[in-house]
Structure formats: C-alpha cells, structure tokens
Amino acid sequence: MNTPARRALERLAEAGTCPFAIDADAEGTRLRRDAPRIEFRHSFVAGPIARRARQSNQALLRACRDRKRTIASVLDLTAGWGADALVLANHGYRVDLVERDALLHAVVAHAIECLGADPDGAACAARMRCHHADSRDFLESLAPARRFDCIYLDPMFPPHKSGARPGKEMQLLQQLTANAGLEACFELALQRARNRVVVKRPAKAPALTAREPDIVYREKTIRFDVYLTA
Ligand SMILES: C[S@@+](CC[C@H](N)C(=O)[O-])C[C@H]1O[C@@H](n2cnc3c(N)ncnc32)[C@H](O)[C@@H]1O
C-alpha cells in the first residue's frame with residue numbers, strides 16, 4: 001500500500017528529525033527507540049486501540065450522546081493517536097480529527113487508510129477524516145455557517161503529582177507534543193458546536209476555563225465535562 005499517509009511517514013523517517021524509528025506496514029505504524037527503550041505499535045485494525053473502540057459502555061460515548069437530538073458529526077480538536085475518535089467513529093459518528101503534530105497526524109492518517117482497506121473496518125474509516133492543522137487555525141478557517149453537532153477536546157494532562165508514569169501511549173505523546181492555545185479553541189468551539197462541547201479532564205482537575213460544565217460524566221481517573229450549546 002503506497003498511500004499519501006504512508007509516504008508522509010516514510011519522509012518523516014528519512015528526515016531523521018523524529019526521536020523514534022518509524023516503520024509503517026499494512027496494519028499501522030511501529031515507533032521504536034533504543035535508549036531509553038520504548039516500542040509502540042499503533043493500529044486501528046488490531047491491538048488495544050481497536051479493542052477499546054468496540055466497547056460500548058464508555059463515559060466518552062455517554063458524554064457525546066443526546067437522548068432528544070441526534071448527534072451525527074463530531075470535531076475532535078486534539079486527535080493525538082486518534083483513539084477517542086475511533087471509539088466515536090466505531091459507534092456511528094462522523095468524525096473530523098485535527099492534529100498539529102506532523103508525526104501524529106501521519107500515524108493517524110495511515111491508520112485510517114489501513115482500516116479502510118480492511119473489509120470489517122472500511123465503513124468506520126469512511127466516517128473519519130484527519131486534518132493536519134492547528135485547531136485554532138482550523139476553526140478560524142471554517143466558513144461562517146459551518147457547525148459540528150459536538151466538538152471534543154482532550155488536552156494533555158499535567159504530570160501526575162504522585163510521579164506515577166503514565167501508559168506508553170501517553171509517555172510518547174508527552175515526548176512528542178504539547179498543548180497549544182486550547183483555552184482559546186474551547187471558546188471558539190462553543191460558537192461552532194450545534195449541541196455540545198465535551199472536554200476530557202483528569203478526575204480531580206479544575207475545569208479547563210472559568211466556565212463550569214453543565215453535565216459531568218465520570219470514570220475512575222478521568223471525567224468528561226459537557227457544555228451544552230443548544
Ligand atoms: C492528550 S492528546 C489527545 C489524545 C487523543 N484524545 C487520543 O485518543 O489519542 C492531545 C493532542 O492534542 C494535540 N494538540 C494540542 N494543541 C493543539 C492545537 N492547538 N491544535 C491541534 N492539536 C493540538 C497534541 O499535539 C496532542 O496530540
């Protein structure tokens with residue numbers, strides 16, 4: 001499969017600017033570094049991200065659902081590895097993902113292409129579109145009347161006070177990227193969301209801005225703050 005996203009990954013690998021060795025294949029991408037050793041396999045076809053996407057009892061799904069009105073389109077302003085977006089697309093939502101980091105964008109775009117080539121995943125992949133952009137620029141470039149039913153933000157969490165090391169996925173994200181202007185994106189999102197803005201937060205962290213959420217859905221270590229716009 002010689003697709004645009006795979007070629008982008010190969011160019012990033014050749015440029016030598018990434019701290020990881022990058023290997024793309026027909027299922028996804030492997031990122032590897034020898035010292036300190038870390039290896040991460042990213043795929044929407046198989047493995048933990050794909051398995052989690054099939055689980056229906058998730059607070060993320062409850063937070064993005066409205067019992068009275070249909071929510072069909074979601075704009076994910078912090079795509080990261082695309083794991084949350086895959087949960088939503090797998091449950092029928094049309095998801096636009098925005099990611100500013102070139103490597104993460106290429107990894108996710110390649111994962112969507114691999115999923116599209118899988119007969120069991122093609123319909124889900126067709127509901128996902130990944131944009132390489134800063135979210136604020138993306139929101140500001142939209143036509144004035146353009147709206148999404150739900151807009152989702154998952155800012156990087158600050159390091160845990162206990163010093164506990166986060167999972168491999170999150171360790172890599174912390175090494176590769178950072179939050180950039182997401183409070184301003186949140187304010188713009190409130191103007192562009194037809195039904196709600198959903199923000200993932202650590203369970204005990206304050207809200208993203210001074211505005212308090214209308215509804216909160218909790219899991220053990222995280223919560224989803226919901227801001228109704230309709
Ligand atoms: C915690 S991660 C999101 C993880 C994601 N929800 C997942 O399921 O994999 C946050 C991501 O937001 C991205 N990000 C932060 N600020 C951004 C901005 N202004 N525009 C676009 N992406 C941004 C970071 O590069 C990072 O990949």
# chains A, B, ... in the order shown; residues from 1 in each chain; ligands from 1
>>> residues_near_ligand(ligand="ligand 1", cutoff="7 Å", atoms="only C-alpha atoms and all ligand atoms", output="list of chain:residue names")
A:Leu77, A:Thr78, A:Ala79, A:Gly80, A:Trp81, A:Gly82, A:Ala83, A:Asp84, A:Ala85, A:Val98, A:Glu99, A:Arg100, A:Asp101, A:Leu104, A:Ala133, A:Asp134, A:Ser135, A:Arg136, A:Asp154, A:Pro155, A:Met156, A:Phe157, A:Leu173, A:Thr177, A:Ala178, A:Asn179, A:Ala180, A:Gly181, A:Leu182
>>> write_last_selection(atoms="C-alpha atoms", output="compact mmCIF listing (two decimals), in the first residue's frame")
# COMPACT_ATOMS: atom_id res chain seq x y z
CA LEU A 77 -9.68 19.22 18.03
CA THR A 78 -6.94 17.16 19.74
CA ALA A 79 -6.59 13.98 17.67
CA GLY A 80 -3.40 12.62 19.31
CA TRP A 81 -3.33 8.88 18.48
CA GLY A 82 -6.97 9.06 17.32
CA ALA A 83 -8.08 6.54 19.96
CA ASP A 84 -11.06 8.56 21.21
CA ALA A 85 -12.06 9.48 17.66
CA VAL A 98 -7.42 17.87 13.84
CA GLU A 99 -3.79 17.37 14.91
CA ARG A 100 -0.95 19.89 14.77
CA ASP A 101 1.97 17.48 15.12
CA LEU A 104 0.92 12.08 14.96
CA ALA A 133 -3.56 21.85 11.28
CA ASP A 134 -3.54 23.87 14.46
CA SER A 135 -7.09 23.64 15.84
CA ARG A 136 -7.44 27.36 16.32
CA ASP A 154 -8.69 16.24 25.14
CA PRO A 155 -5.83 18.48 26.32
CA MET A 156 -2.62 16.78 27.51
CA PHE A 157 -2.80 16.26 31.27
CA LEU A 173 2.62 11.89 23.42
CA THR A 177 3.95 17.25 21.62
CA ALA A 178 2.20 19.69 23.98
CA ASN A 179 -1.00 21.72 24.33
CA ALA A 180 -1.13 24.90 22.26
CA GLY A 181 -3.80 27.52 22.84
CA LEU A 182 -6.58 25.09 23.73
>>> select_by_dssp(residues="chain A", states="strand (DSSP E or B)", output="PyMOL selection string")
chain A and resi 21-24+28-33+38-43+73-76+94-99+128-132+148-153+193-202+215-218+222-228
>>> closest_atom_pairs(of="range 136-228 of chain A", to="range 42-56 of chain A", cutoff="12 Å", atoms="only C-alpha atoms", output="JSON lines")
{"residue": "A:Lys168", "atom": "CA", "partner": "A:His42", "partner_atom": "CA", "distance": 11.1}
{"residue": "A:Glu169", "atom": "CA", "partner": "A:His42", "partner_atom": "CA", "distance": 9.0}
{"residue": "A:Leu172", "atom": "CA", "partner": "A:His42", "partner_atom": "CA", "distance": 11.6}
>>> residues_around(residues="range 13-26 of chain A", least_positions_apart="4", cutoff="12 Å", atoms="only C-alpha atoms", output="number ranges by chain")
A: 1-3, 5-9, 30-46, 101-104, 106-118, 172, 175-177
>>> write_last_selection(atoms="N, CA and C atoms", output="compact mmCIF listing (two decimals), in the first residue's frame")
# COMPACT_ATOMS: atom_id res chain seq x y z
N MET A 1 0.85 -1.19 0.00
CA MET A 1 0.00 0.00 0.00
C MET A 1 0.89 1.25 0.00
N ASN A 2 0.91 1.94 -1.16
CA ASN A 2 1.75 3.14 -1.22
C ASN A 2 0.84 4.38 -1.21
N THR A 3 0.34 4.72 -0.04
CA THR A 3 -0.66 5.78 0.08
C THR A 3 0.01 7.09 0.51
N ALA A 5 -0.43 8.92 3.18
CA ALA A 5 -0.03 8.95 4.59
C ALA A 5 1.22 8.09 4.80
N ARG A 6 1.28 6.95 4.10
CA ARG A 6 2.46 6.09 4.27
C ARG A 6 3.71 6.79 3.73
N ARG A 7 3.53 7.50 2.61
CA ARG A 7 4.67 8.24 2.06
C ARG A 7 5.10 9.35 3.02
N ALA A 8 4.11 10.00 3.67
CA ALA A 8 4.44 11.05 4.65
C ALA A 8 5.25 10.45 5.81
N LEU A 9 4.86 9.24 6.26
CA LEU A 9 5.60 8.59 7.34
C LEU A 9 7.01 8.26 6.89
N ARG A 30 4.82 1.29 13.65
CA ARG A 30 5.57 0.96 14.86
C ARG A 30 6.60 2.07 15.11
N LEU A 31 6.59 2.61 16.33
CA LEU A 31 7.58 3.62 16.72
C LEU A 31 8.52 2.96 17.74
N ARG A 32 9.82 3.17 17.56
CA ARG A 32 10.79 2.45 18.40
C ARG A 32 11.98 3.36 18.72
N ARG A 33 12.45 3.25 19.97
CA ARG A 33 13.68 3.96 20.34
C ARG A 33 14.46 3.01 21.25
N ASP A 34 15.79 3.02 21.14
CA ASP A 34 16.58 2.04 21.90
C ASP A 34 16.91 2.52 23.31
N ALA A 35 17.28 3.81 23.48
CA ALA A 35 17.71 4.24 24.81
C ALA A 35 17.07 5.59 25.16
N PRO A 36 16.23 5.66 26.23
CA PRO A 36 15.68 4.52 26.94
C PRO A 36 14.70 3.79 26.03
N ARG A 37 14.68 2.45 26.18
CA ARG A 37 13.95 1.62 25.22
C ARG A 37 12.43 1.82 25.34
N ILE A 38 11.82 2.04 24.19
CA ILE A 38 10.36 2.10 24.16
C ILE A 38 9.90 1.68 22.78
N GLU A 39 8.83 0.89 22.74
CA GLU A 39 8.31 0.44 21.45
C GLU A 39 6.79 0.55 21.51
N PHE A 40 6.20 1.12 20.49
CA PHE A 40 4.75 1.34 20.49
C PHE A 40 4.20 0.98 19.12
N ARG A 41 3.20 0.10 19.14
CA ARG A 41 2.55 -0.33 17.90
C ARG A 41 1.21 0.39 17.83
N HIS A 42 0.99 1.15 16.76
CA HIS A 42 -0.26 1.89 16.62
C HIS A 42 -1.07 1.30 15.47
N SER A 43 -2.30 0.91 15.75
CA SER A 43 -3.14 0.35 14.69
C SER A 43 -4.61 0.54 15.05
N PHE A 44 -5.42 0.81 14.04
CA PHE A 44 -6.88 0.85 14.22
C PHE A 44 -7.50 -0.51 13.82
N VAL A 45 -6.67 -1.41 13.27
CA VAL A 45 -7.19 -2.68 12.77
C VAL A 45 -7.15 -3.74 13.87
N ALA A 46 -6.05 -3.77 14.65
CA ALA A 46 -5.88 -4.78 15.69
C ALA A 46 -5.15 -4.14 16.87
N ASP A 101 0.66 18.12 15.24
CA ASP A 101 1.97 17.48 15.12
C ASP A 101 2.02 16.61 13.86
N ALA A 102 3.07 16.81 13.05
CA ALA A 102 3.14 16.12 11.74
C ALA A 102 3.22 14.61 11.88
N LEU A 103 4.01 14.12 12.86
CA LEU A 103 4.15 12.67 13.01
C LEU A 103 2.82 12.05 13.45
N LEU A 104 2.20 12.64 14.49
CA LEU A 104 0.92 12.08 14.96
C LEU A 104 -0.12 12.11 13.85
N ALA A 106 0.39 11.96 10.64
CA ALA A 106 0.69 10.94 9.63
C ALA A 106 0.37 9.54 10.16
N VAL A 107 0.65 9.29 11.45
CA VAL A 107 0.36 7.97 12.04
C VAL A 107 -1.15 7.71 11.99
N VAL A 108 -1.94 8.73 12.35
CA VAL A 108 -3.41 8.55 12.39
C VAL A 108 -3.96 8.43 10.96
N ALA A 109 -3.46 9.27 10.04
CA ALA A 109 -3.95 9.21 8.66
C ALA A 109 -3.64 7.82 8.06
N HIS A 110 -2.45 7.29 8.37
CA HIS A 110 -2.09 5.94 7.88
C HIS A 110 -3.00 4.88 8.51
N ALA A 111 -3.27 5.05 9.82
CA ALA A 111 -4.15 4.07 10.50
C ALA A 111 -5.54 4.07 9.87
N ILE A 112 -6.04 5.24 9.47
CA ILE A 112 -7.37 5.31 8.84
C ILE A 112 -7.32 4.61 7.48
N GLU A 113 -6.23 4.83 6.74
CA GLU A 113 -6.11 4.15 5.43
C GLU A 113 -6.05 2.63 5.59
N CYS A 114 -5.30 2.16 6.60
CA CYS A 114 -5.21 0.71 6.83
C CYS A 114 -6.60 0.16 7.20
N LEU A 115 -7.32 0.89 8.04
CA LEU A 115 -8.67 0.45 8.44
C LEU A 115 -9.59 0.41 7.23
N GLY A 116 -9.41 1.38 6.34
CA GLY A 116 -10.24 1.44 5.13
C GLY A 116 -10.01 0.26 4.20
N ALA A 117 -8.81 -0.32 4.29
CA ALA A 117 -8.50 -1.46 3.42
C ALA A 117 -8.98 -2.78 4.03
N ASP A 118 -9.47 -2.72 5.27
CA ASP A 118 -9.95 -3.92 5.96
C ASP A 118 -11.46 -4.02 5.76
N LEU A 172 4.70 8.68 25.18
CA LEU A 172 5.16 9.10 23.84
C LEU A 172 4.56 10.44 23.46
N GLN A 175 6.38 13.18 25.02
CA GLN A 175 7.69 13.47 24.43
C GLN A 175 7.58 14.16 23.08
N LEU A 176 6.47 13.90 22.39
CA LEU A 176 6.36 14.40 21.02
C LEU A 176 5.70 15.77 20.92
N THR A 177 4.80 16.09 21.86
CA THR A 177 3.95 17.25 21.62
C THR A 177 3.49 17.91 22.93
>>> closest_atom_pairs(of="range 87-186 of chain A", to="range 193-213 of chain A", cutoff="8 Å", atoms="only C-alpha atoms", output="JSON lines")
{"residue": "A:Arg147", "atom": "CA", "partner": "A:Ala193", "partner_atom": "CA", "distance": 5.8}
{"residue": "A:Phe148", "atom": "CA", "partner": "A:Ala193", "partner_atom": "CA", "distance": 5.1}
{"residue": "A:Asp149", "atom": "CA", "partner": "A:Arg194", "partner_atom": "CA", "distance": 4.6}
{"residue": "A:Cys150", "atom": "CA", "partner": "A:Arg196", "partner_atom": "CA", "distance": 5.0}
{"residue": "A:Ile151", "atom": "CA", "partner": "A:Val197", "partner_atom": "CA", "distance": 4.8}
{"residue": "A:Tyr152", "atom": "CA", "partner": "A:Val198", "partner_atom": "CA", "distance": 4.8}
{"residue": "A:Leu153", "atom": "CA", "partner": "A:Val199", "partner_atom": "CA", "distance": 4.8}
{"residue": "A:Asp154", "atom": "CA", "partner": "A:Lys200", "partner_atom": "CA", "distance": 4.9}
{"residue": "A:Pro155", "atom": "CA", "partner": "A:Lys200", "partner_atom": "CA", "distance": 7.2}
{"residue": "A:Phe157", "atom": "CA", "partner": "A:Pro202", "partner_atom": "CA", "distance": 6.8}
{"residue": "A:Glu183", "atom": "CA", "partner": "A:Thr209", "partner_atom": "CA", "distance": 6.7}
{"residue": "A:Phe186", "atom": "CA", "partner": "A:Val197", "partner_atom": "CA", "distance": 8.0}
>>> write_last_selection(atoms="C-alpha atoms", output="short mmCIF file (atom, residue, chain, number, x, y, z; two decimals), in the first residue's frame")
data_model
loop_
_atom_site.label_atom_id
_atom_site.label_comp_id
_atom_site.auth_asym_id
_atom_site.auth_seq_id
_atom_site.Cartn_x
_atom_site.Cartn_y
_atom_site.Cartn_z
CA ARG A 147 -21.20 23.80 12.54
CA PHE A 148 -20.49 20.41 14.13
CA ASP A 149 -23.03 18.72 16.41
CA CYS A 150 -20.35 18.04 19.04
CA ILE A 151 -16.82 19.39 19.46
CA TYR A 152 -14.36 17.38 21.53
CA LEU A 153 -11.17 18.46 23.30
CA ASP A 154 -8.69 16.24 25.14
CA PRO A 155 -5.83 18.48 26.32
CA PHE A 157 -2.80 16.26 31.27
CA GLU A 183 -8.42 27.53 26.03
CA PHE A 186 -12.58 25.97 23.64
#
>>> select_by_dssp(residues="range 123-190 of chain A", states="alpha helix (DSSP H)", output="list in words")
Ala123, Cys124, Ala125, Ala126, Ser135, Arg136, Asp137, Phe138, Leu139, Glu140, Ser141, Lys168, Glu169, Met170, Gln171, Leu172, Leu173, Gln174, Gln175, Leu176, Leu182, Glu183, Ala184, Cys185, Phe186, Glu187, Leu188, Ala189 and Leu190 of chain A
>>> closest_residue(among="A:Glu10, A:Gly28, A:Ala63, A:Ala123", to="Val226 in chain A", atoms="only C-alpha atoms")
A:Ala63
>>> atom_distance(atom1="CA of Arg65 in chain A", atom2="CA of His91 in chain A")
10.8 Å
>>> residues_around(residues="Val216 in chain A", least_positions_apart="4", cutoff="7 Å", atoms="only C-alpha atoms", output="list in words")
Arg223, Phe224, Asp225 and Val226 of chain A
